[in-house]
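Chemist: Just dropping this structure here.
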Amino acid sequence: MADWDPAQYLRFANERLQPALDLLARIGAEAPGRVLDLGCGAGNVTAILKTRFPAADVVGIDGSEAMLAKARDSAPGCRFVLGDFGGWDRALAPDVLFSNAALHWTGGHETLFPDLLSRVAPGGWFAVQMPAMHDAPLRRLQNEVAAIGPWAETLRGVGSARGILSAGEYWDILRPHAAALDIWETTYLHVLTGEDAVGEWAAGTSLRPFLDPLPPELRAGYRRAYAASLAPHYPPRADGTTLLPFRRLFILARR
């Protein structure tokens with residue numbers, strides 16, 4: 001994929017931020033020495049982690065240079081490192097390992113999640129939030145539209161963020177390694193405004209892998225076809241808003 005577009009992602013910053021705040025409120029750490037924000041993106045959550053834990057060394061890790069540039073401007077009191085989900089330095093040994101809406105972009109959770117928990121300092125916290133939307137029209141229709149039309153050959157084999165495991169499967173892989181474990185799901189009802197509001201939401205995240213490989217004329221055509229396919233599933237309400245039910249899975253483990 002091309003590099004992330006922080007401006008498009010942050011168009012719905014408040015809606016994307018609320019799950020991170022809800023997860024942060026459940027972390028019981030009092031005075032952690034080091035906090036890692038894995039998949040920190042534009043750094044808006046990293047800055048909040050620094051506010052919550054002002055004495056901590058707060059480090060954001062992300063694979064996008066564009067996002068990290070934005071993050072360094074947004075959270076000057078934090079450190080930021082270019083890296084992937086599994087390749088960061090084990091010596092960092094965070095007291096809080098926090099990841100908001102990032103880990104669904106990679107597979108191998110059966111081994112990745114126990115490994116990440118093992119990197120947390122003894123007694124520390126592993127806190128994760130991920131979208132659980134792989135079966136929703138928002139995500140499903142991206143693949144269906146990609147398979148038809150003049151862009152089909154270019155998009156052959158292209159996919160978006162992977163489907164995640166079930167809550168029970170995460171329980172089974174983490175419980176043997178955790179002193180305490182809590183897993184829950186929440187569906188947020190996002191109230192969006194503007195034309196093609198759900199398409200604009202997707203354009204900042206899960207739609208990017210489909211848009212990035214296309215030349216401008218095919219990209220515009222794909223966007224129109226995707227918007228038309230979304231319309232019956234996310235109709236405008238009487239007040240002109242569009243409602244987007246968005247399910248998210250939360251994991252909070254104590255090592």
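In the structure tokens, the first chain shown is A, the next is B, and so on; residue numbers restart at 1 for each chain, and ligands run from 1 in the order shown.
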Using only C-alpha atoms, which residues of region 203-234 of chain A come within 7 Å of region 139-145 of chain A, and what is the closest atom pair for each, with the distance in Å to one decimal? Give it as JSON lines, sorted by chain and residue number.
Modeler:
```
{"residue": "A:Leu207", "atom": "CA", "partner": "A:Gln142", "partner_atom": "CA", "distance": 6.9}
{"residue": "A:Ala225", "atom": "CA", "partner": "A:Val145", "partner_atom": "CA", "distance": 6.8}
{"residue": "A:Tyr226", "atom": "CA", "partner": "A:Val145", "partner_atom": "CA", "distance": 6.2}
{"residue": "A:Ser229", "atom": "CA", "partner": "A:Leu141", "partner_atom": "CA", "distance": 7.0}
```
Chemist: For Arg255 (chain A), list every protein, DNA or RNA residue within 9 Å, evaluated using only C-alpha atoms, and leave out those in the same chain fewer than 4 positions away; present the list as a ChimeraX atom specification.
Modeler: /A:117-118,120-126,177-181
Chemist: Could you take the residues named above and write them with C-alpha atoms, as an mmCIF file, in the first residue's frame?
Modeler:
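Saved to selection27.cif:
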```cif
data_model
loop_
_atom_site.group_PDB
_atom_site.id
_atom_site.type_symbol
_atom_site.label_atom_id
_atom_site.label_comp_id
_atom_site.auth_asym_id
_atom_site.auth_seq_id
_atom_site.Cartn_x
_atom_site.Cartn_y
_atom_site.Cartn_z
ATOM 1 C CA LEU A 117 2.017 -10.414 26.191
ATOM 2 C CA SER A 118 5.339 -12.095 26.997
ATOM 3 C CA VAL A 120 5.228 -6.925 28.875
ATOM 4 C CA ALA A 121 7.045 -6.450 32.175
ATOM 5 C CA PRO A 122 5.851 -8.768 34.977
ATOM 6 C CA GLY A 123 2.684 -7.338 36.484
ATOM 7 C CA GLY A 124 2.166 -5.100 33.455
ATOM 8 C CA TRP A 125 -0.822 -4.636 31.152
ATOM 9 C CA PHE A 126 -1.547 -5.663 27.566
ATOM 10 C CA HIS A 177 -0.096 -16.689 29.893
ATOM 11 C CA ALA A 178 -2.120 -14.081 31.815
ATOM 12 C CA ALA A 179 -2.570 -13.524 35.532
ATOM 13 C CA ALA A 180 -5.900 -11.856 34.688
ATOM 14 C CA LEU A 181 -7.808 -11.530 31.436
#
```
Chemist: If we count only C-alpha atoms and set the cut-off at 8 Å, which residues sit around region 23-39 of chain A, ignoring sequence neighbours fewer than 2 positions away in its own chain? Please answer as a PyMOL selection string.
Modeler: chain A and resi 19-21+41+45-46+49+53+55-63+84-85+92-103+124-125+127-129+250+252
Chemist: So that I can check the surroundings of His134 (chain A), please list as an MDAnalysis selection string every protein, DNA and RNA residue that reaches within 12 Å of it, counting only C-alpha atoms and ignoring chain neighbours fewer than 3 positions away.
Modeler: chainID A and resid 104:105 130:131 137:143 159:166 206 246:248
Chemist: Find the distance between CA of Leu82 (chain A) and CA of Ile173 (chain A) and write it in Å to one decimal.
Modeler: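 Going from CA of Leu82 (chain A) over to CA of Ile173 (chain A), I get 27.8 Å.
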Chemist: Near Ala152 (chain A), counting only C-alpha atoms, which residues have an atom at most 12 Å away, once you skip same-chain residues fewer than 4 positions from it, shown as a ChimeraX atom specification?
Modeler: /A:142-148,156-158,210-211,213-214,218-219,221-222
